[in-house]
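query-v9.txt follows (compact mmCIF, C-alpha atoms):
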```
# COMPACT_ATOMS: atom_id res chain seq x y z
CA MET A 1 0.00 0.00 0.00
CA ALA A 2 2.82 2.42 0.95
CA THR A 3 4.61 1.85 -2.35
CA VAL A 4 1.48 2.75 -4.33
CA ASN A 5 1.00 5.87 -2.24
CA MET A 6 4.64 6.88 -2.63
CA ASP A 7 4.51 6.34 -6.39
CA ARG A 8 1.41 8.54 -6.52
CA LEU A 9 3.12 11.26 -4.48
CA LEU A 10 6.21 11.17 -6.69
CA GLN A 11 4.05 11.37 -9.80
CA ALA A 12 2.11 14.33 -8.34
CA CYS A 13 5.40 16.09 -7.63
CA VAL A 14 6.57 15.61 -11.23
CA THR A 15 3.28 16.53 -12.92
CA GLN A 16 2.62 19.61 -10.74
CA GLY A 17 6.16 20.97 -11.19
CA ALA A 18 6.96 20.84 -7.46
CA SER A 19 10.52 21.06 -6.15
CA ASP A 20 10.03 19.18 -2.85
CA ILE A 21 7.71 16.77 -1.03
CA HIS A 22 7.35 17.06 2.78
CA LEU A 23 5.98 14.03 4.63
CA VAL A 24 5.42 14.68 8.34
CA CYS A 25 3.06 13.26 10.99
CA GLY A 26 -0.03 15.33 11.69
CA ARG A 27 -0.37 16.86 8.19
CA PRO A 28 -1.29 15.66 4.71
CA PRO A 29 1.64 15.40 2.26
CA VAL A 30 2.90 18.89 1.33
CA LEU A 31 4.43 19.97 -2.02
CA ARG A 32 6.62 23.03 -2.52
CA ILE A 33 5.49 24.59 -5.81
CA HIS A 34 7.23 27.78 -7.10
CA GLY A 35 8.68 28.29 -3.63
CA ARG A 36 5.33 28.05 -1.79
CA LEU A 37 4.05 25.13 0.34
CA ARG A 38 0.79 23.47 -0.79
CA SER A 39 -0.98 20.65 1.10
CA LEU A 40 -2.42 17.80 -0.97
CA GLU A 41 -6.06 16.90 -0.39
CA THR A 42 -5.38 13.47 1.09
CA LYS A 43 -5.50 11.93 4.57
CA VAL A 44 -3.46 13.36 7.44
CA LEU A 45 -0.32 11.24 7.83
CA GLU A 46 0.07 9.13 10.97
CA PRO A 47 3.30 7.63 12.39
CA ASP A 48 2.61 4.27 10.68
CA ASP A 49 2.14 6.05 7.33
CA THR A 50 5.46 7.89 7.37
CA THR A 51 7.28 4.72 8.54
CA ALA A 52 5.72 2.68 5.72
CA LEU A 53 6.49 5.39 3.14
CA MET A 54 10.08 5.55 4.40
CA LYS A 55 10.54 1.77 4.15
CA SER A 56 9.13 1.71 0.60
CA ILE A 57 12.06 3.73 -0.80
CA THR A 58 14.94 3.49 1.70
CA PRO A 59 17.84 1.03 1.17
CA ASP A 60 18.73 -1.23 4.14
CA ARG A 61 22.04 0.60 4.64
CA ASN A 62 20.19 3.91 5.13
CA GLN A 63 17.53 2.37 7.36
CA GLN A 64 20.34 1.16 9.62
CA GLU A 65 21.92 4.65 9.59
CA LEU A 66 18.54 6.16 10.51
CA GLN A 67 18.30 3.78 13.50
CA GLU A 68 21.84 4.56 14.68
CA GLU A 69 22.21 8.26 13.84
CA GLY A 70 18.63 9.54 13.77
CA GLY A 71 18.87 10.65 10.13
CA THR A 72 20.05 9.62 6.66
CA ASP A 73 20.33 10.96 3.08
CA PHE A 74 20.32 9.20 -0.27
CA GLY A 75 19.20 9.58 -3.88
CA PHE A 76 17.07 7.35 -6.12
CA ALA A 77 15.58 7.32 -9.61
CA PHE A 78 11.82 7.46 -10.21
CA GLY A 79 11.81 5.52 -13.48
CA ASP A 80 12.86 7.81 -16.34
CA ALA A 81 10.72 10.68 -15.03
CA ALA A 82 13.07 12.14 -12.40
CA ARG A 83 15.58 11.59 -9.63
CA PHE A 84 14.95 12.45 -6.00
CA ARG A 85 17.31 13.39 -3.18
CA VAL A 86 15.87 12.19 0.12
CA ALA A 87 16.49 13.39 3.69
CA ILE A 88 14.91 11.21 6.40
CA PHE A 89 15.06 12.14 10.08
CA ARG A 90 13.39 11.55 13.43
CA GLN A 91 11.37 14.25 15.19
CA LYS A 92 9.33 13.76 18.39
CA GLY A 93 10.09 10.06 17.98
CA ASN A 94 8.40 9.87 14.55
CA ILE A 95 9.79 9.65 11.01
CA SER A 96 9.76 12.69 8.68
CA LEU A 97 10.86 12.75 5.02
CA VAL A 98 11.81 15.52 2.61
CA LEU A 99 12.24 14.55 -1.04
CA ARG A 100 13.88 17.04 -3.42
CA LEU A 101 13.09 16.62 -7.13
CA ILE A 102 16.21 16.66 -9.30
CA PRO A 103 15.27 17.34 -12.94
CA THR A 104 16.64 14.85 -15.48
CA THR A 105 17.47 17.58 -18.02
CA ILE A 106 20.54 19.70 -17.35
CA LEU A 107 19.99 23.36 -18.19
CA SER A 108 22.36 25.55 -20.22
CA PHE A 109 24.05 28.79 -19.08
CA GLU A 110 21.40 30.78 -20.99
CA ASP A 111 18.52 28.82 -19.40
CA ILE A 112 19.55 29.73 -15.88
CA GLY A 113 20.87 33.21 -16.72
CA LEU A 114 24.51 32.67 -15.72
CA PRO A 115 26.99 35.47 -16.52
CA LYS A 116 28.62 34.84 -19.93
CA ILE A 117 32.12 34.87 -18.44
CA CYS A 118 31.32 31.58 -16.62
CA ALA A 119 31.98 29.70 -19.88
CA ALA A 120 35.46 31.21 -20.13
CA LEU A 121 36.18 30.41 -16.47
CA CYS A 122 35.15 26.76 -17.04
CA ARG A 123 37.95 26.56 -19.62
CA ARG A 124 40.59 27.54 -17.06
CA PRO A 125 43.18 24.79 -16.46
CA ARG A 126 43.32 25.33 -12.69
CA GLY A 127 41.75 27.20 -9.78
CA LEU A 128 38.87 27.11 -7.30
CA PHE A 129 35.35 28.15 -8.40
CA LEU A 130 32.79 28.42 -5.57
CA VAL A 131 29.00 28.50 -5.94
CA THR A 132 27.32 29.72 -2.75
CA GLY A 133 23.87 30.45 -1.37
CA PRO A 134 21.32 29.15 1.15
CA THR A 135 19.81 25.67 0.92
CA GLY A 136 17.46 25.36 -2.06
CA SER A 137 18.97 28.26 -4.01
CA GLY A 138 19.93 26.12 -7.02
CA LYS A 139 23.65 25.60 -6.34
CA THR A 140 23.54 21.96 -7.47
CA THR A 141 21.78 22.92 -10.72
CA THR A 142 24.39 25.61 -11.44
CA LEU A 143 27.28 23.20 -10.81
CA ALA A 144 25.64 20.52 -12.99
CA CYS A 145 25.31 23.11 -15.77
CA MET A 146 29.04 23.97 -15.56
CA VAL A 147 30.15 20.32 -15.45
CA ASN A 148 27.90 19.58 -18.44
CA TYR A 149 29.45 22.50 -20.38
CA ILE A 150 32.94 21.09 -19.79
CA ASN A 151 31.74 17.56 -20.60
CA GLU A 152 30.27 18.68 -23.95
CA ASN A 153 33.02 21.07 -25.07
CA LEU A 154 36.37 19.97 -23.63
CA ASP A 155 38.31 16.73 -23.38
CA ARG A 156 38.85 16.47 -19.62
CA HIS A 157 38.76 13.80 -16.92
CA ILE A 158 36.07 14.98 -14.48
CA VAL A 159 35.77 13.41 -11.02
CA THR A 160 32.81 14.41 -8.82
CA VAL A 161 32.40 13.64 -5.10
CA GLU A 162 28.77 14.07 -4.05
CA ASP A 163 26.50 13.31 -1.09
CA PRO A 164 24.33 11.99 -2.64
CA ILE A 165 24.77 12.01 -6.45
CA GLU A 166 21.99 14.19 -7.84
CA TYR A 167 22.42 14.87 -11.56
CA TYR A 168 23.71 11.86 -13.51
CA HIS A 169 26.20 12.79 -16.25
CA SER A 170 27.03 10.53 -19.20
CA HIS A 171 30.44 10.53 -20.94
CA LYS A 172 30.50 13.05 -23.81
CA LYS A 173 33.71 14.74 -24.94
CA SER A 174 35.08 14.27 -21.43
CA VAL A 175 35.40 11.16 -19.25
CA ILE A 176 33.35 11.55 -16.06
CA ASN A 177 33.45 9.53 -12.81
CA GLN A 178 30.88 10.29 -10.09
CA ARG A 179 31.62 9.06 -6.55
CA GLU A 180 28.97 9.00 -3.84
CA VAL A 181 29.93 9.57 -0.20
CA GLY A 182 28.80 6.59 1.90
CA ILE A 183 28.69 4.20 -1.08
CA ASP A 184 31.86 4.69 -3.15
CA VAL A 185 33.95 6.50 -0.54
CA PRO A 186 33.54 7.12 3.23
CA SER A 187 33.96 10.94 3.23
CA PHE A 188 34.69 14.04 1.12
CA ALA A 189 38.13 14.37 2.72
CA GLU A 190 39.04 10.73 1.96
CA ALA A 191 37.85 11.10 -1.66
CA LEU A 192 39.95 14.24 -2.13
CA ARG A 193 42.98 12.58 -0.56
CA ARG A 194 42.86 9.87 -3.22
CA VAL A 195 41.61 11.88 -6.20
CA LEU A 196 44.99 13.32 -7.18
CA ARG A 197 46.16 9.78 -8.09
CA GLN A 198 43.25 9.40 -10.51
CA ASP A 199 44.63 11.81 -13.16
CA PRO A 200 41.76 14.33 -12.87
CA ASP A 201 41.55 17.63 -14.77
CA VAL A 202 38.31 18.82 -13.14
CA ILE A 203 37.16 17.96 -9.60
CA LEU A 204 33.70 18.72 -8.21
CA VAL A 205 33.31 18.54 -4.42
CA GLY A 206 29.65 18.58 -3.34
CA GLU A 207 30.27 20.80 -0.32
CA LEU A 208 33.17 22.33 1.62
CA ARG A 209 31.97 21.16 5.05
CA ASP A 210 35.07 21.04 7.24
CA LEU A 211 38.69 22.06 7.60
CA GLU A 212 40.08 18.85 6.09
CA THR A 213 37.88 19.09 2.97
CA ILE A 214 38.67 22.80 2.45
CA GLU A 215 42.42 22.13 2.79
CA ALA A 216 42.24 19.28 0.28
CA ALA A 217 40.18 21.33 -2.23
CA VAL A 218 42.58 24.30 -2.07
CA ARG A 219 45.55 21.93 -2.44
CA ALA A 220 43.94 20.32 -5.50
CA ALA A 221 43.43 23.77 -7.09
CA GLU A 222 47.03 24.67 -6.21
CA THR A 223 48.45 21.56 -7.87
CA GLY A 224 46.92 22.32 -11.27
CA HIS A 225 43.28 21.20 -11.20
CA LEU A 226 40.01 23.07 -11.77
CA VAL A 227 37.95 22.56 -8.60
CA PHE A 228 34.24 23.38 -8.21
CA SER A 229 32.43 23.34 -4.87
CA THR A 230 29.67 24.93 -2.77
CA VAL A 231 29.55 26.83 0.53
CA HIS A 232 26.43 27.89 2.50
CA THR A 233 27.09 31.65 2.47
CA THR A 234 25.16 34.56 0.98
CA SER A 235 27.86 36.85 -0.43
CA ALA A 236 31.25 36.70 -2.15
CA ALA A 237 33.05 38.55 0.65
CA GLY A 238 31.26 36.45 3.29
CA THR A 239 32.40 33.25 1.54
CA ILE A 240 36.07 34.20 1.82
CA SER A 241 35.68 35.17 5.49
CA ARG A 242 33.83 31.90 6.25
CA ILE A 243 36.58 29.76 4.68
CA ILE A 244 39.38 31.63 6.46
CA ASP A 245 37.55 31.48 9.83
CA VAL A 246 37.39 27.65 9.66
CA PHE A 247 41.18 27.55 10.05
CA PRO A 248 43.05 27.95 13.37
CA VAL A 249 44.37 31.49 13.88
CA ASP A 250 47.99 30.48 13.22
CA GLN A 251 47.03 29.07 9.78
CA GLN A 252 44.80 31.95 8.62
CA GLU A 253 47.62 33.96 7.06
CA GLN A 254 48.65 30.91 5.00
CA ILE A 255 45.11 30.18 3.74
CA ARG A 256 44.65 33.85 2.78
CA ILE A 257 47.76 33.61 0.58
CA GLN A 258 46.58 30.30 -0.91
CA LEU A 259 43.07 31.63 -1.62
CA SER A 260 44.39 34.84 -3.20
CA GLY A 261 46.43 32.74 -5.62
CA ASN A 262 43.95 29.97 -6.39
CA LEU A 263 40.38 31.30 -6.08
CA ILE A 264 39.11 32.28 -9.55
CA ALA A 265 35.46 33.21 -8.88
CA VAL A 266 32.59 33.16 -6.39
CA LEU A 267 29.00 32.97 -7.63
CA SER A 268 26.41 33.62 -4.87
CA GLN A 269 22.80 33.03 -5.76
CA ALA A 270 19.27 33.34 -4.40
CA LEU A 271 16.18 31.78 -5.96
CA CYS A 272 13.13 34.08 -6.17
CA PRO A 273 9.51 33.22 -7.09
CA LEU A 274 8.39 35.18 -10.16
CA ALA A 275 5.85 37.97 -9.65
CA THR A 276 3.38 35.98 -11.80
CA GLY A 277 3.41 33.19 -9.18
CA LYS A 278 4.57 30.61 -11.72
CA GLY A 279 8.23 29.66 -11.89
CA ARG A 280 11.35 31.05 -10.24
CA VAL A 281 14.34 33.13 -11.28
CA ALA A 282 17.86 33.17 -9.85
CA ALA A 283 19.47 36.40 -8.66
CA TYR A 284 23.28 36.34 -8.76
CA GLU A 285 26.19 38.02 -7.06
CA PHE A 286 29.29 37.36 -9.12
CA MET A 287 32.92 38.03 -8.25
CA VAL A 288 35.88 37.26 -10.51
CA VAL A 289 39.20 37.32 -8.64
CA THR A 290 41.21 40.10 -10.31
CA PRO A 291 44.73 41.08 -9.11
CA ALA A 292 43.10 43.87 -7.04
CA ILE A 293 40.68 41.46 -5.32
CA ALA A 294 43.47 38.89 -4.80
CA ASN A 295 45.39 41.66 -3.03
CA LEU A 296 42.40 42.44 -0.76
CA ILE A 297 42.13 38.74 0.20
CA ARG A 298 45.86 38.54 0.93
CA GLU A 299 45.80 41.71 3.05
CA ASN A 300 42.64 40.67 4.98
CA LYS A 301 40.56 43.57 3.58
CA THR A 302 37.51 41.57 2.50
CA TYR A 303 35.25 44.46 3.63
CA ARG A 304 36.43 46.34 0.49
CA ILE A 305 35.52 43.54 -1.93
CA ASP A 306 31.97 44.86 -2.56
CA SER A 307 33.29 48.13 -3.98
CA SER A 308 35.73 46.17 -6.22
CA ILE A 309 32.78 44.12 -7.53
CA GLN A 310 30.93 47.36 -8.36
CA THR A 311 33.90 48.60 -10.43
CA GLY A 312 34.27 45.23 -12.21
CA ARG A 313 31.12 45.35 -14.34
CA ARG A 314 33.04 44.87 -17.61
CA LEU A 315 33.97 41.37 -16.35
CA GLY A 316 30.32 40.60 -15.61
CA MET A 317 30.69 41.26 -11.89
CA GLN A 318 27.67 42.42 -9.93
CA LEU A 319 26.37 42.59 -6.36
CA LEU A 320 23.31 40.56 -5.38
CA ASP A 321 21.29 43.70 -4.56
CA GLU A 322 22.05 45.14 -8.03
CA HIS A 323 20.66 42.04 -9.73
CA LEU A 324 17.63 41.93 -7.41
CA TRP A 325 16.91 45.57 -8.31
CA GLN A 326 17.12 44.75 -12.04
CA LEU A 327 14.65 41.88 -11.57
CA TYR A 328 12.26 44.09 -9.56
CA ASP A 329 12.62 47.05 -11.92
CA GLY A 330 11.85 44.75 -14.86
CA GLY A 331 8.68 43.50 -13.14
CA LYS A 332 9.97 39.93 -12.72
CA ILE A 333 9.85 39.81 -8.90
CA THR A 334 7.78 41.60 -6.28
CA LEU A 335 9.01 44.35 -3.95
CA GLU A 336 8.55 42.01 -0.96
CA GLU A 337 10.70 39.32 -2.59
CA MET A 338 13.47 41.82 -3.39
CA LEU A 339 13.50 43.06 0.21
CA ASP A 340 13.42 39.50 1.62
CA LYS A 341 16.44 38.36 -0.41
CA GLY A 342 18.41 41.65 -0.41
CA ARG A 343 21.50 42.14 1.73
CA GLN A 344 20.65 45.82 2.35
CA PRO A 345 16.83 45.93 2.32
CA GLY A 346 16.76 49.50 3.70
CA ALA A 347 18.70 50.89 0.71
CA LEU A 348 16.54 48.86 -1.71
CA GLN A 349 13.36 50.17 -0.05
CA ASP A 350 14.60 53.77 -0.43
CA LYS A 351 15.36 53.12 -4.11
CA ALA A 352 11.90 51.59 -4.63
CA ASN A 353 10.23 54.55 -2.85
CA ALA A 354 12.11 56.98 -5.10
CA LYS A 355 10.99 55.04 -8.16
CA ILE A 356 7.34 55.01 -7.01
CA LEU A 357 7.43 58.78 -6.24
CA GLY A 358 9.12 59.45 -9.58
CA THR A 359 6.43 57.44 -11.39
CA LYS A 360 3.68 59.38 -9.57
CA ALA A 361 5.35 62.73 -10.36
CA LYS A 362 5.71 61.74 -14.01
CA GLY A 363 2.03 60.72 -14.03
CA LYS A 364 1.04 64.14 -12.65
CA ARG A 365 3.21 65.93 -15.25
CA ASP A 366 1.65 63.86 -18.04
CA GLU A 367 -1.84 64.63 -16.71
CA ALA A 368 -1.10 68.39 -16.54
CA LYS A 369 0.31 68.32 -20.09
CA LYS A 370 -2.81 66.50 -21.34
CA GLN A 371 -5.05 69.12 -19.69
CA MET A 372 -3.03 71.93 -21.33
CA ASP A 373 -3.28 70.20 -24.70
CA ASP A 374 -7.05 69.86 -24.24
CA LEU A 375 -7.31 73.54 -23.32
CA GLY A 376 -5.13 74.60 -26.25
CA PRO A 377 -7.94 75.17 -28.78
CA VAL A 378 -10.01 77.10 -26.17
CA LEU A 379 -7.09 79.36 -25.20
CA ARG A 380 -6.23 80.04 -28.86
CA SER A 381 -9.85 81.10 -29.64
```

For the file at hand, write its structure as structure tokens.
Amino acid sequence: MATVNMDRLLQACVTQGASDIHLVCGRPPVLRIHGRLRSLETKVLEPDDTTALMKSITPDRNQQELQEEGGTDFGFAFGDAARFRVAIFRQKGNISLVLRLIPTTILSFEDIGLPKICAALCRRPRGLFLVTGPTGSGKTTTLACMVNYINENLDRHIVTVEDPIEYYHSHKKSVINQREVGIDVPSFAEALRRVLRQDPDVILVGELRDLETIEAAVRAAETGHLVFSTVHTTSAAGTISRIIDVFPVDQQEQIRIQLSGNLIAVLSQALCPLATGKGRVAAYEFMVVTPAIANLIRENKTYRIDSSIQTGRRLGMQLLDEHLWQLYDGGKITLEEMLDKGRQPGALQDKANAKILGTKAKGKRDEAKKQMDDLGPVLRS
């Protein structure tokens, strides 16, 4: 019975264009559609229901991990329709599940609106490229897009280390090996320790979670590999500070020097529901590491990076708030959404107020001009 129900839920997720399914005791199944939560009109789930639904899709290895650790993650394919990333955890003694839909088609740079310079950076022979943002902001999709671009256009050996594997890549012009943490290798750090013996050109690390993984990723970039990874930060400058702060104080000077020489770009993104209520659009903050920015990193002056991004527009650089304003000004997102996602909502609100007042003033001028035009014939007579 649970399998049938789960299949139906998965199918509903695919057909309704949802990004996530939430299964929790005390509520009907909930879908996240265009960033908003929507309950399905089915029965309220009870503890036995969530346990049965969990067992219908969870491998024995993960069920054991759930028993021992109180949570587990894995990915699985739903026929040819989609793949799902699953997080299962205990809460109040009951089982809860969150299933994230991973589309089977990998989007292009144009589809997701990435800056054009990203293609050129993907051709670099070495360096560290970080994609950052909160959970659910589309980091995995952006990385998959970049890996696919390399796979289609360049002859490289690509090794990915993921937890779990989300987008499946087939061999194209490149050779690609995808390793899953917990199945193919015990940890990110262990995978990175061994990867340099595997003759890689491009390495994708699912997430820079700890000191050991960050050290290994920076070392891989330093030794002549192109390394992609993600960090849960919301700005380019904040990403650099977060990485440096992971290290003990006596090592921070060294990592600043290493980052200044090896970091090539930071792409921070936020996913915003469209003003129409259907679909979402990504807002980007993009920093390319120029000699000036490398110098700021080395000298621990990350607080001046934002102004360097503002002067680097010719390289496609932009601050998140600038892109959010463009999306709002173009009518793509609402004022509330811009203020929610903005780093300086007060400044954005002032800008929006000025625009609204300017529009009203222009409307009054146009109205006065129309009245004068209407009176023209009368005045002339």

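Across A:Pro164, A:Gly138, A:Ile33, A:Pro59, the tightest approach to Asp73 in chain A is made by A:Pro164 when counting all atoms listed in the file.
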
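Shortest atom-to-atom contact with Leu263 in chain A among A:Leu128, A:Gly133, A:Arg8, A:Gly331: A:Leu128, counting all atoms listed in the file.
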
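Between CA of Ile150 in chain A and CA of Ile106 in chain A there is a distance of 12.7 Å.
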
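The space separating CA of Leu45 in chain A from CA of Asp163 in chain A comes to 28.3 Å.
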
Taking the point (14.5, 45.8, -7.1) as given in the file, collect each protein or nucleic acid residue that comes within 10 Å of it, counting all atoms listed in the file, and present the set as number ranges by chain. A: 321-339, 342, 345, 348-349, 351-352, 355

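In terms of minimum interatomic distance to Val24 in chain A, A:Phe89 ranks closest within A:Tyr284, A:Tyr303, A:Phe89, A:Phe228, counting only C-alpha atoms.
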
Residues within 10 Å of Ala191 in chain A, all atoms listed in the file, excluding chain neighbours under 2 positions, as a VMD selection string: chain A and resid 159 to 162 179 to 181 184 to 189 193 to 196 205 213 216

Using all atoms listed in the file, find each residue in range 164-277 of chain A having at least one atom no more than 10 Å away from range 290-299 of chain A; report its shortest atom-to-atom pair and that distance in Å (one decimal), rows by chain then rising number, as a tab-separated table.
```
residue	atom	partner	partner_atom	distance
A:Ala237	CA	A:Ile297	CA	9.1
A:Ile240	CA	A:Ile297	CA	7.7
A:Ser241	CA	A:Ile297	CA	9.1
A:Ile244	CA	A:Ile297	CA	9.9
A:Glu253	CA	A:Arg298	CA	7.9
A:Gln254	CA	A:Arg298	CA	9.1
A:Ile255	CA	A:Arg298	CA	8.9
A:Arg256	CA	A:Arg298	CA	5.2
A:Ile257	CA	A:Arg298	CA	5.3
A:Gln258	CA	A:Arg298	CA	8.5
A:Leu259	CA	A:Ile297	CA	7.4
A:Ser260	CA	A:Ala294	CA	4.5
A:Gly261	CA	A:Ala294	CA	6.9
A:Asn262	CA	A:Ala294	CA	9.1
A:Leu263	CA	A:Ala294	CA	8.3
A:Ile264	CA	A:Thr290	CA	8.1
A:Ala265	CA	A:Thr290	CA	9.1
```
